[in-house]
Structures are given as C-alpha cells and as structure tokens.
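J.: Quick one, entry-v6.tsv (TSV, C-alpha atoms and all ligand atoms):
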chain	number	residue	atom	x	y	z
A	1	MET	CA	0.00	0.00	0.00
A	2	ARG	CA	1.33	3.43	-0.91
A	3	LEU	CA	1.82	6.09	1.75
A	4	ASN	CA	-0.85	8.43	0.38
A	5	GLN	CA	-3.43	5.59	0.31
A	6	LEU	CA	-2.44	4.69	3.85
A	7	SER	CA	-2.88	8.28	5.03
A	8	THR	CA	-6.40	8.37	3.65
A	9	LYS	CA	-7.18	5.08	5.30
A	10	LEU	CA	-5.87	5.99	8.73
A	11	GLY	CA	-7.45	9.42	8.93
A	12	GLU	CA	-6.27	12.89	9.77
A	13	ASP	CA	-4.15	12.20	12.85
A	14	HIS	CA	-1.94	9.76	11.04
A	15	MET	CA	-1.84	12.00	7.97
A	16	LYS	CA	-0.30	14.68	10.15
A	17	ASN	CA	2.32	12.24	11.33
A	18	ASN	CA	3.04	10.97	7.85
A	19	GLU	CA	3.79	14.56	6.95
A	20	THR	CA	6.79	14.20	9.26
A	21	LEU	CA	7.95	11.21	7.25
A	22	ASN	CA	7.34	13.13	4.01
A	23	ASN	CA	9.74	15.79	5.28
A	24	TRP	CA	12.51	13.20	5.45
A	25	ILE	CA	11.90	11.06	2.38
A	26	LYS	CA	12.37	12.36	-1.15
A	27	ASP	CA	9.61	10.40	-2.86
A	28	PRO	CA	6.95	9.13	-0.43
A	29	GLN	CA	5.19	7.51	-3.42
A	30	LEU	CA	7.87	4.81	-3.36
A	31	VAL	CA	7.05	3.78	0.21
A	32	ASN	CA	5.41	0.43	0.85
A	33	ASP	CA	3.78	-0.01	4.22
A	34	VAL	CA	4.46	-3.39	5.86
A	35	SER	CA	2.85	-3.69	9.31
A	36	GLY	CA	3.40	0.01	9.96
A	37	VAL	CA	7.03	0.05	8.77
A	38	SER	CA	7.86	2.02	5.61
A	39	VAL	CA	9.78	-0.20	3.23
A	40	LEU	CA	12.01	1.45	0.65
A	41	LEU	CA	14.76	-1.14	0.38
A	42	ASN	CA	15.32	-2.48	-3.08
A	43	GLU	CA	16.86	-5.87	-2.38
A	44	HIS	CA	18.31	-6.05	-5.89
A	45	SER	CA	20.39	-2.94	-5.29
A	46	ILE	CA	22.21	-4.21	-2.17
A	47	ASN	CA	25.33	-6.36	-2.36
A	48	ASN	CA	25.60	-10.01	-1.30
A	49	TYR	CA	27.17	-9.16	2.07
A	50	ASP	CA	24.30	-6.81	2.92
A	51	ARG	CA	21.78	-9.46	1.86
A	52	ALA	CA	23.50	-12.07	4.05
A	53	GLN	CA	23.64	-9.58	6.91
A	54	LYS	CA	19.97	-8.68	6.50
A	55	ASN	CA	19.06	-12.39	6.68
A	56	PHE	CA	21.29	-12.86	9.74
A	57	TYR	CA	19.56	-10.05	11.66
A	58	GLU	CA	16.08	-11.12	10.51
A	59	GLU	CA	16.84	-14.60	11.90
A	60	MET	CA	18.37	-13.22	15.09
A	61	ASN	CA	15.24	-11.17	15.67
A	62	LYS	CA	13.00	-14.23	15.33
A	63	GLU	CA	14.79	-15.87	18.22
A	64	GLU	CA	14.97	-12.89	20.48
A	65	ASP	CA	13.05	-11.30	23.22
A	66	ASN	CA	13.43	-7.55	23.38
A	67	ASN	CA	16.91	-7.29	24.83
A	68	ALA	CA	18.21	-10.70	23.91
A	69	LYS	CA	21.37	-9.31	22.35
A	70	ASP	CA	22.27	-8.88	25.99
A	71	THR	CA	21.03	-12.28	27.15
A	72	MET	CA	22.10	-15.88	26.82
A	73	ILE	CA	19.20	-17.02	24.63
A	74	PRO	CA	20.83	-19.20	21.97
A	75	GLN	CA	20.14	-18.17	18.40
A	76	ARG	CA	19.44	-20.52	15.55
A	77	ASN	CA	22.01	-19.14	13.15
A	78	GLU	CA	24.80	-18.66	15.66
A	79	THR	CA	27.87	-20.86	15.43
A	80	LEU	CA	29.35	-22.42	18.59
A	81	ALA	CA	32.20	-19.87	18.46
A	82	ASN	CA	29.71	-17.00	18.30
A	83	ARG	CA	27.83	-18.47	21.25
A	84	ILE	CA	30.98	-18.84	23.38
A	85	TRP	CA	32.02	-15.27	22.55
A	86	ARG	CA	28.56	-14.03	23.54
A	87	ALA	CA	28.76	-15.91	26.87
A	88	VAL	CA	32.23	-14.57	27.65
A	89	ARG	CA	31.48	-10.95	26.90
A	90	LEU	CA	27.92	-10.80	28.32
A	91	PRO	CA	28.77	-9.47	31.81
A	92	HIS	CA	31.31	-7.17	30.17
A	93	ALA	CA	28.63	-5.78	27.80
A	94	ILE	CA	26.16	-5.29	30.66
A	95	ALA	CA	28.76	-3.59	32.88
A	96	GLY	CA	29.70	-1.23	30.04
A	97	LYS	CA	26.12	-0.32	29.18
A	98	SER	CA	25.67	2.44	31.75
A	99	SER	CA	28.51	4.51	30.28
A	100	GLN	CA	26.89	4.21	26.82
A	101	ILE	CA	23.55	5.30	28.27
A	102	ASP	CA	25.21	8.31	29.96
A	103	PHE	CA	26.87	9.24	26.66
A	104	PHE	CA	23.67	9.04	24.58
A	105	ASP	CA	21.60	10.75	27.28
A	106	ARG	CA	24.05	13.68	27.47
A	107	TYR	CA	23.76	14.44	23.75
A	108	ILE	CA	20.00	13.86	23.48
A	109	ASN	CA	19.43	16.35	26.31
A	110	SER	CA	21.90	18.83	24.86
A	111	ALA	CA	20.13	18.67	21.43
A	112	LEU	CA	16.79	19.33	23.16
A	113	ARG	CA	18.25	22.27	25.11
A	114	ASN	CA	19.78	23.80	21.97
A	115	ARG	CA	16.38	23.98	20.27
A	116	ASN	CA	14.82	25.93	23.15
A	117	GLY	CA	11.74	23.77	23.46
A	118	ASP	CA	11.20	23.24	19.72
A	119	THR	CA	10.72	19.68	18.47
A	120	ILE	CA	13.96	18.06	17.35
A	121	SER	CA	14.49	15.42	14.65
A	122	ILE	CA	16.56	12.36	15.52
A	123	LEU	CA	17.75	9.62	13.15
A	124	GLU	CA	18.93	6.27	14.51
A	125	ILE	CA	20.97	4.14	12.11
A	126	GLY	CA	20.85	0.33	12.48
A	127	THR	CA	17.97	0.50	14.92
A	128	PHE	CA	17.31	-3.26	14.97
A	129	SER	CA	14.48	-3.97	17.46
A	130	GLY	CA	15.46	-0.95	19.56
A	131	THR	CA	18.54	0.00	21.57
A	132	PRO	CA	19.24	1.74	24.88
A	133	ALA	CA	19.36	4.96	22.81
A	134	THR	CA	15.86	4.28	21.41
A	135	ASP	CA	14.57	3.86	24.97
A	136	LEU	CA	16.15	7.16	26.03
A	137	ILE	CA	14.59	8.96	23.05
A	138	LEU	CA	11.20	7.42	23.87
A	139	LYS	CA	11.27	9.35	27.16
A	140	HIS	CA	10.84	12.52	25.08
A	141	VAL	CA	7.72	11.61	23.09
A	142	GLY	CA	6.06	14.87	22.03
A	143	LYS	CA	9.38	16.75	21.87
A	144	VAL	CA	11.11	14.49	19.35
A	145	LYS	CA	10.43	13.33	15.80
A	146	TYR	CA	12.28	10.06	15.37
A	147	LEU	CA	13.31	8.01	12.36
A	148	GLY	CA	14.88	4.57	12.73
A	149	VAL	CA	16.50	2.94	9.71
A	150	ASP	CA	17.64	-0.66	9.27
A	151	ILE	CA	18.05	-3.10	6.37
A	152	ALA	CA	16.36	-5.86	8.41
A	153	LEU	CA	12.57	-5.56	8.37
A	154	THR	CA	11.26	-7.91	11.09
A	155	PRO	CA	13.10	-6.23	14.00
A	156	LEU	CA	11.59	-2.92	12.88
A	157	ILE	CA	8.10	-4.43	12.85
A	158	LYS	CA	8.68	-5.57	16.44
A	159	LEU	CA	9.87	-2.09	17.46
A	160	ASN	CA	6.93	-0.44	15.73
A	161	LYS	CA	4.54	-2.40	17.97
A	162	LYS	CA	6.31	-0.88	20.96
A	163	PHE	CA	5.91	2.62	19.47
A	164	ASP	CA	2.20	1.97	18.89
A	165	ALA	CA	1.75	0.77	22.47
A	166	LEU	CA	3.39	3.97	23.75
A	167	ASP	CA	1.36	6.11	21.34
A	168	ALA	CA	4.62	7.47	19.91
A	169	THR	CA	3.00	8.70	16.70
A	170	ASP	CA	5.99	10.78	15.63
A	171	PHE	CA	8.30	7.77	15.79
A	172	HIS	CA	8.79	6.27	12.31
A	173	LEU	CA	10.70	3.29	10.97
A	174	VAL	CA	12.06	2.80	7.48
A	175	CYS	CA	13.53	-0.39	6.07
A	176	ASP	CA	16.31	0.79	3.78
A	177	THR	CA	20.06	1.06	3.65
A	178	ILE	CA	21.30	4.28	5.21
A	179	LEU	CA	23.40	4.78	2.08
A	180	SER	CA	20.30	5.10	-0.13
A	181	ASP	CA	19.59	8.48	-1.67
A	182	ASN	CA	15.94	8.28	-0.60
A	183	PHE	CA	16.59	10.57	2.38
A	184	LYS	CA	16.40	14.34	2.12
A	185	GLU	CA	19.40	16.56	2.87
A	186	SER	CA	19.90	18.63	6.09
A	187	THR	CA	17.09	16.94	7.98
A	188	PHE	CA	18.29	15.82	11.41
A	189	ASP	CA	19.44	17.64	14.55
A	190	LEU	CA	20.95	14.46	15.95
A	191	ILE	CA	22.04	11.18	14.35
A	192	ILE	CA	22.68	8.20	16.62
A	193	GLY	CA	24.04	4.68	16.19
A	194	ARG	CA	25.46	1.85	18.23
A	195	GLY	CA	27.59	-0.85	16.62
A	196	VAL	CA	26.60	0.02	13.07
A	197	LEU	CA	29.32	2.15	11.40
A	198	HIS	CA	31.71	-0.80	11.56
A	199	HIS	CA	29.31	-2.76	9.32
A	200	PHE	CA	30.68	-0.72	6.42
A	201	ASP	CA	34.00	-1.67	4.86
A	202	ARG	CA	37.02	0.48	4.14
A	203	GLU	CA	35.67	1.77	0.82
A	204	GLN	CA	32.15	2.39	2.15
A	205	LYS	CA	33.12	4.24	5.36
A	206	PRO	CA	34.00	7.58	3.66
A	207	VAL	CA	30.75	7.36	1.63
A	208	LEU	CA	28.82	6.72	4.85
A	209	ALA	CA	30.52	9.68	6.58
A	210	GLN	CA	29.51	11.92	3.66
A	211	GLN	CA	25.94	10.64	3.85
A	212	ILE	CA	25.75	11.33	7.61
A	213	TYR	CA	27.14	14.83	7.03
A	214	ARG	CA	24.56	15.38	4.23
A	215	LEU	CA	21.65	14.30	6.46
A	216	LEU	CA	22.66	16.51	9.41
A	217	LYS	CA	21.18	19.98	9.70
A	218	PRO	CA	23.81	22.72	10.02
A	219	GLY	CA	24.63	22.78	13.74
A	220	GLY	CA	23.64	19.12	14.04
A	221	LYS	CA	25.63	16.36	15.75
A	222	ALA	CA	26.14	12.64	15.06
A	223	ILE	CA	27.09	10.34	17.93
A	224	PHE	CA	28.17	6.70	17.81
A	225	VAL	CA	29.53	3.90	19.95
A	226	GLU	CA	31.78	1.72	17.77
A	227	PRO	CA	34.45	-0.97	18.10
A	228	LEU	CA	38.06	-0.28	17.11
A	229	ASN	CA	40.53	-2.54	15.39
A	230	THR	CA	43.72	-1.24	16.95
A	231	ASN	CA	44.30	-3.54	19.96
A	232	PRO	CA	46.82	-6.21	18.84
A	233	PHE	CA	45.29	-8.93	21.09
A	234	LEU	CA	41.80	-8.38	19.77
A	235	ILE	CA	43.03	-8.25	16.17
A	236	ALA	CA	44.70	-11.65	16.73
A	237	ALA	CA	41.58	-13.10	18.41
A	238	ARG	CA	39.36	-11.91	15.58
A	239	SER	CA	41.56	-13.33	12.85
A	240	LEU	CA	41.88	-16.68	14.66
A	241	THR	CA	38.09	-17.03	15.03
A	242	LYS	CA	37.09	-15.54	11.68
A	243	VAL	CA	36.31	-18.90	10.01
A	244	ALA	CA	34.03	-19.98	12.86
A	245	ARG	CA	32.17	-16.66	13.13
A	246	PRO	CA	30.39	-15.91	9.83
A	247	ASN	CA	29.12	-12.51	11.03
A	248	LEU	CA	32.73	-11.25	11.05
A	249	ILE	CA	32.51	-11.11	7.23
A	250	TRP	CA	30.59	-7.85	7.43
A	251	GLU	CA	32.22	-6.48	10.60
A	252	HIS	CA	35.04	-4.00	9.96
A	253	PRO	CA	36.00	-2.26	13.24
A	254	PHE	CA	37.80	1.05	12.68
A	255	SER	CA	41.52	1.12	12.02
A	256	LYS	CA	43.44	4.25	13.01
A	257	ASN	CA	43.47	5.53	9.42
A	258	GLU	CA	39.78	4.81	8.84
A	259	LEU	CA	38.95	6.70	12.01
A	260	GLN	CA	41.00	9.71	10.92
A	261	GLU	CA	39.44	9.66	7.44
A	262	PHE	CA	35.93	9.50	8.95
A	263	CYS	CA	36.62	12.44	11.27
A	264	ASP	CA	38.01	14.48	8.37
A	265	LYS	CA	34.61	14.46	6.63
A	266	PHE	CA	33.10	16.58	9.43
A	267	ASP	CA	33.63	20.16	10.57
A	268	PHE	CA	34.38	19.03	14.12
A	269	SER	CA	34.93	15.67	15.79
A	270	ASN	CA	35.68	14.38	19.26
A	271	LEU	CA	36.59	10.80	20.19
A	272	GLU	CA	36.48	9.24	23.65
A	273	PHE	CA	38.37	5.96	23.99
A	274	ARG	CA	37.04	3.10	26.15
A	275	ASP	CA	37.66	-0.54	27.05
A	276	GLY	CA	41.44	-0.83	27.05
A	277	PHE	CA	42.70	-2.27	30.34
A	278	ARG	CA	39.09	-3.00	31.31
A	279	LEU	CA	39.42	-6.10	29.11
A	280	LEU	CA	41.81	-7.50	31.76
A	281	ALA	CA	38.79	-7.97	34.02
A	282	LEU	CA	37.12	-10.22	31.44
A	283	PRO	CA	38.44	-13.57	32.81
A	284	LEU	CA	36.73	-12.71	36.13
A	285	ALA	CA	33.38	-12.22	34.43
A	286	PRO	CA	31.76	-15.46	35.76
A	287	LEU	CA	32.54	-14.33	39.36
A	288	GLY	CA	29.92	-11.56	39.40
A	289	LYS	CA	30.73	-9.02	42.15
A	290	PRO	CA	34.57	-9.26	42.01
A	291	TYR	CA	34.31	-8.77	38.25
A	292	GLN	CA	32.26	-5.59	38.77
A	293	VAL	CA	34.88	-4.21	41.14
A	294	PHE	CA	37.78	-4.89	38.73
A	295	SER	CA	35.77	-3.74	35.74
A	296	ASN	CA	34.98	-0.38	37.41
A	297	PHE	CA	38.55	0.03	38.57
A	298	PHE	CA	39.96	-0.54	35.07
A	299	ALA	CA	37.24	1.61	33.46
A	300	ASN	CA	38.41	4.54	35.63
A	301	PHE	CA	42.04	3.73	34.90
A	302	ASP	CA	41.22	3.69	31.15
A	303	LYS	CA	39.60	7.11	31.41
A	304	ILE	CA	42.80	8.55	32.85
A	305	ILE	CA	45.27	6.96	30.43
A	306	SER	CA	43.11	7.56	27.33
A	307	LYS	CA	44.33	11.17	27.45
A	308	TRP	CA	47.80	9.97	26.35
A	309	LYS	CA	47.96	9.21	22.64
A	310	VAL	CA	50.57	6.50	23.17
A	311	PHE	CA	47.96	4.25	24.88
A	312	ARG	CA	45.26	4.78	22.23
A	313	PRO	CA	45.99	1.60	20.23
A	314	LEU	CA	45.08	-0.47	23.31
A	315	PHE	CA	41.50	0.76	23.31
A	316	THR	CA	38.80	-1.38	21.73
A	317	LYS	CA	35.85	1.00	21.67
A	318	SER	CA	35.21	4.64	20.86
A	319	PHE	CA	32.42	7.05	21.76
A	320	MET	CA	32.37	9.35	18.72
A	321	VAL	CA	30.95	12.82	18.21
A	322	PHE	CA	30.82	14.47	14.77
A	323	GLU	CA	29.45	17.91	13.95
A	324	ARG	CA	28.27	19.84	10.92
A	325	SER	CA	28.72	23.57	11.50
B	1	LIG	C1	25.47	-5.07	15.32
B	1	LIG	S1	23.81	-4.68	14.90
B	1	LIG	C2	23.52	-3.39	16.07
B	1	LIG	C3	22.06	-3.22	16.33
B	1	LIG	C4	21.72	-2.10	17.32
B	1	LIG	N1	22.22	-0.82	16.88
B	1	LIG	C5	22.23	-2.41	18.71
B	1	LIG	O1	23.05	-1.66	19.24
B	1	LIG	O2	21.80	-3.41	19.29
B	1	LIG	C6	23.97	-3.78	13.38
B	1	LIG	C7	22.64	-3.35	12.79
B	1	LIG	O3	22.89	-2.50	11.66
B	1	LIG	C8	22.01	-2.85	10.61
B	1	LIG	N2	22.61	-2.42	9.33
B	1	LIG	C9	23.67	-2.97	8.70
B	1	LIG	N3	23.92	-2.34	7.55
B	1	LIG	C10	23.00	-1.36	7.44
B	1	LIG	C11	22.72	-0.37	6.44
B	1	LIG	N4	23.46	-0.28	5.32
B	1	LIG	N5	21.70	0.49	6.64
B	1	LIG	C12	20.94	0.41	7.77
B	1	LIG	N6	21.14	-0.52	8.73
B	1	LIG	C13	22.16	-1.39	8.58
B	1	LIG	C14	21.87	-4.36	10.75
B	1	LIG	O4	20.74	-4.87	10.09
B	1	LIG	C15	21.80	-4.51	12.26
B	1	LIG	O5	20.48	-4.39	12.73
For the structure just supplied, provide its representation as structure tokens.
Ligand SMILES: C[S@@+](CC[C@H](N)C(=O)[O-])C[C@H]1O[C@@H](n2cnc3c(N)ncnc32)[C@H](O)[C@@H]1O
T.:
Amino acid sequence: MRLNQLSTKLGEDHMKNNETLNNWIKDPQLVNDVSGVSVLLNEHSINNYDRAQKNFYEEMNKEEDNNAKDTMIPQRNETLANRIWRAVRLPHAIAGKSSQIDFFDRYINSALRNRNGDTISILEIGTFSGTPATDLILKHVGKVKYLGVDIALTPLIKLNKKFDALDATDFHLVCDTILSDNFKESTFDLIIGRGVLHHFDREQKPVLAQQIYRLLKPGGKAIFVEPLNTNPFLIAARSLTKVARPNLIWEHPFSKNELQEFCDKFDFSNLEFRDGFRLLALPLAPLGKPYQVFSNFFANFDKIISKWKVFRPLFTKSFMVFERS
C-alpha cells in the first residue's frame, strides 16, 4: 500500500504524522507499508554481504526477546564460536552499558536544550528492534520526531509495535540502507548509532561519513559507539576465530586511518576511547561481584590513560561525536 493511500485510510491524525515522514523522504510515493514500517529497500540494489547480513539479523530477531542481544538465549544461526564469545562478553557488555547510556543521554538532552523547546528530529541508524538509545529517546515523546533505519525488516516491525503501544506517533521506521539516496538533505538535529558504522567496509566508510554529514542539519551532531581494530590482542583473536564466526565477514571495526578519514569528513569531531585495560577484568566475568569491582577500577584507569595518545591503540571502543557547523 502506498503512503498516500495509507494516510487516507488511517485518517487525519496519522496523515499529520506521515507529513513528518514526508519531510525526510524524497519520494513518499515509493514507500510500501508493511505492518506500519515504511519499506524502501530495493533488495536487488544491495550487495551479497548486505543481503546475508539482513538475513542474519532477521533470523536473530525471530529468536529474540526484546533485549536478547544482551542475554544468553541461543540463536538458531549462531555458530558455537559466536555463542561462546557471547557468553564470555555478556557481563562485560552489561557492565559497560551504563557509560553508553550516559553518553547518549548527554547528547539527546543537549540537542533538546539547543532547540529551546522546539521539536527536534533524531535519526537512529541500524535501529534493529530498539537499543538503549531508542529507549532514552522514547522518554521525550512529544518533543522528538524520530526516524529509525535498518536493512532488516522484522526487528523494525517488532519495534513499531512498541511505538504503537506507547502512542509514539511521531516515531517512524524505514527499512532501507542508510546509504540510499531516498533521504532528504539537512534533515536531522541528531544522528545516533550503536555498533553500526563498523558494518561498512574500508571503501564504504567515507561514503557513509559523507551521507551522515549530508543528512545533518547545520549545527547538528552525530554520535556513535563503535568498536576499534587497533588492539593487537583483539586483532589476533578476531583473525583466529574468523572462520568460525560468519558474522565477522561484514564487521570491519575502525583502524586508526579509517577513524581519521571518517573524522576528516566533518567540521568538528571528538573521540572518547574506552575498554582498554578493562578487558583484563574479562576472565573474572563469571565471578559476578569481584568482576564488577575490577571492571569499574579498570574503566576509571582507562579514562585517565586515554588522554595519552601513546595508549590509544590499546583501546577497543570509541564514543564518537561528529558535527556539521
Ligand atoms: C550489530 S547490529 C547493532 C544493532 C543495534 N544498533 C544495537 O546496538 O543493538 C547492526 C545493525 O545494523 C544494521 N545495518 C547494517 N547495515 C545497514 C545499512 N546499510 N543500513 C541500515 N542498517 C544497517 C543491521 O541490520 C543490524 O540491525
């Protein structure tokens, strides 16, 4: 069903909200509505890796409860190596979550403050079935117009049900690749993503950076939490397990040069480095409380030493801020 037909069917309230979507999408006539999610993705125009990735995340979603990326629920298409890696890093991921939430919360609130009470537009890239950032943004229903974009459709359908339940009528979801030219220029005050930029390879990253810059309004910011590929131990671990972990085919954590090239596409950038020595606490993860103590200790230690460039290669994660002036 086309968007204009849908608007007529759903009545005036929804028409008003679809106007929001029309402000972001170049040709709303191309939109197909599937269970409340706007589908623009042309599967023939994406490469084989993206198609494989899309299938992987569609399958993952089928097996998951809401936050199962952070649980032990086994997934049908996971290899044993993937499953072991998930088990090992689970407490580590949970312990690190609060600093991500603080980071996203800081910039969401700052974007709201900068607009002096006006509604702001937020784009989330690689939304999947929702992230901690989505939940933070949902706290501002009425003050935020939100667009979530992902190549996998079924997780978006799941998330859309949550939006409906919360009556978040200005929260929209589009199934498309973020690289598509279906999105209008200078549209968003804030662009957010967690674990998605590294799903673009060396050649695609500069194109992606340009696209993010193009979509930002002047004065807008883009913030991401992404893995780095600079720690020698992690590089070795990844290459040793590559064969057994098929999802690594489309994962390309940032090298030092890629990071620099990405930053150069923006008018201003700031990088915070995380998870260097904190990885030393990982073997204690099954112990619970003692792990928490060590993890916190090393997280604070990391914060201090991240100021020295010489330690940067040890870090495995970056909190990134990019600006268009
Ligand atoms: C590692 S998952 C992260 C999901 C979510 N951001 C989170 O933190 O849980 C990467 C997500 O990016 C999506 N993705 C990959 N390539 C994409 C693209 N070109 N455009 C939009 N989304 C994409 C995948 O489908 C997947 O849902």
J.: Suppose you want the space between atom O2 of ligand LIG 1 (chain B) and CA of Glu258 in chain A; what is it in Å?
T.: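 If I compute the distance from atom O2 of ligand LIG 1 (chain B) to CA of Glu258 in chain A, I get 22.4 Å.
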J.: Counting only C-alpha atoms and all ligand atoms, what residues are within 7 Å of ligand LIG 1 (chain B), given as a PyMOL selection string?
T.: chain A and resi 50+53-54+57+69+125-128+130-131+149-152+176-179+193-196+199
J.: Need the shell around Asn23 in chain A: protein/DNA/RNA residues with any atom at most 12 Å away, counting all atoms listed in the file. Skip same-chain ones fewer than 6 positions apart. Format as a ChimeraX atom specification?
T.: /A:16-17,121,145-147,172,182-188
J.: Can those selected residues be exported to a file as a PDB file, keeping the file's coordinate frame so that it contains C-alpha atoms?
T.:
ATOM      1  CA  LYS A  16      -0.300  14.680  10.150  1.00  0.00           C
ATOM      2  CA  ASN A  17       2.320  12.240  11.330  1.00  0.00           C
ATOM      3  CA  SER A 121      14.490  15.420  14.650  1.00  0.00           C
ATOM      4  CA  LYS A 145      10.430  13.330  15.800  1.00  0.00           C
ATOM      5  CA  TYR A 146      12.280  10.060  15.370  1.00  0.00           C
ATOM      6  CA  LEU A 147      13.310   8.010  12.360  1.00  0.00           C
ATOM      7  CA  HIS A 172       8.790   6.270  12.310  1.00  0.00           C
ATOM      8  CA  ASN A 182      15.940   8.280  -0.600  1.00  0.00           C
ATOM      9  CA  PHE A 183      16.590  10.570   2.380  1.00  0.00           C
ATOM     10  CA  LYS A 184      16.400  14.340   2.120  1.00  0.00           C
ATOM     11  CA  GLU A 185      19.400  16.560   2.870  1.00  0.00           C
ATOM     12  CA  SER A 186      19.900  18.630   6.090  1.00  0.00           C
ATOM     13  CA  THR A 187      17.090  16.940   7.980  1.00  0.00           C
ATOM     14  CA  PHE A 188      18.290  15.820  11.410  1.00  0.00           C
TER      15      PHE A 188
END
J.: Find the distance between CA of Ser35 in chain A and CA of Arg51 in chain A and write it in Å to one decimal.
T.: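 According to the coordinates, CA of Ser35 in chain A and CA of Arg51 in chain A are separated by 21.1 Å.
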J.: Excluding Phe104 in chain A and its own-chain neighbours fewer than 3 positions away, which residues fall within 10 Å of it when counting only C-alpha atoms? Please give them as a ChimeraX atom specification.
T.: /A:98-101,107-110,132-134,136-137,192-194,223-225,319
J.: Taking C-alpha atoms for each residue, export the selection above as a compact mmCIF listing (two decimals), keeping the file's coordinate frame.
T.:
# COMPACT_ATOMS: atom_id res chain seq x y z
CA SER A 98 25.67 2.44 31.75
CA SER A 99 28.51 4.51 30.28
CA GLN A 100 26.89 4.21 26.82
CA ILE A 101 23.55 5.30 28.27
CA TYR A 107 23.76 14.44 23.75
CA ILE A 108 20.00 13.86 23.48
CA ASN A 109 19.43 16.35 26.31
CA SER A 110 21.90 18.83 24.86
CA PRO A 132 19.24 1.74 24.88
CA ALA A 133 19.36 4.96 22.81
CA THR A 134 15.86 4.28 21.41
CA LEU A 136 16.15 7.16 26.03
CA ILE A 137 14.59 8.96 23.05
CA ILE A 192 22.68 8.20 16.62
CA GLY A 193 24.04 4.68 16.19
CA ARG A 194 25.46 1.85 18.23
CA ILE A 223 27.09 10.34 17.93
CA PHE A 224 28.17 6.70 17.81
CA VAL A 225 29.53 3.90 19.95
CA PHE A 319 32.42 7.05 21.76
J.: Given the point (37.8, -3.9, 30.2) in the coordinates of this file, which residues lie within 8 Å, counting all atoms listed in the file, and how would they look as a ChimeraX atom specification?
T.: /A:92,275-282,295,298-299
J.: Go through A:Asp181, A:Asn48, A:Pro206, A:Arg324 one by one, measure the shortest atom-to-atom distance of each to Gln260 in chain A using all atoms listed in the file, and give the residue with the smallest value.
T.: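 With all atoms listed in the file as the atom set, the closest residue is A:Pro206.
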J.: Between CA of Leu112 in chain A and CA of Glu323 in chain A, what is the distance in Å, rounded to a tenth?
T.: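 Separating CA of Leu112 in chain A from CA of Glu323 in chain A is a distance of 15.7 Å.
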J.: Hey, which bits of range 90-171 of chain A sit within 10 Å of range 285-290 of chain A, and for each residue what's the closest pair of atoms and how far apart in Å (one decimal), counting only C-alpha atoms, rows by chain and increasing number, as a tab-separated table?
T.:
residue	atom	partner	partner_atom	distance
A:Leu90	CA	A:Ala285	CA	8.3
A:Pro91	CA	A:Ala285	CA	6.0
A:His92	CA	A:Ala285	CA	6.9
A:Ala95	CA	A:Ala285	CA	9.9
J.: Which of these residues is nearest to Lys26 in chain A, using only C-alpha atoms: A:Ile304, A:Leu40, A:Cys175, A:Val141?
T.: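 Counting only C-alpha atoms, the residue closest to Lys26 in chain A is A:Leu40.
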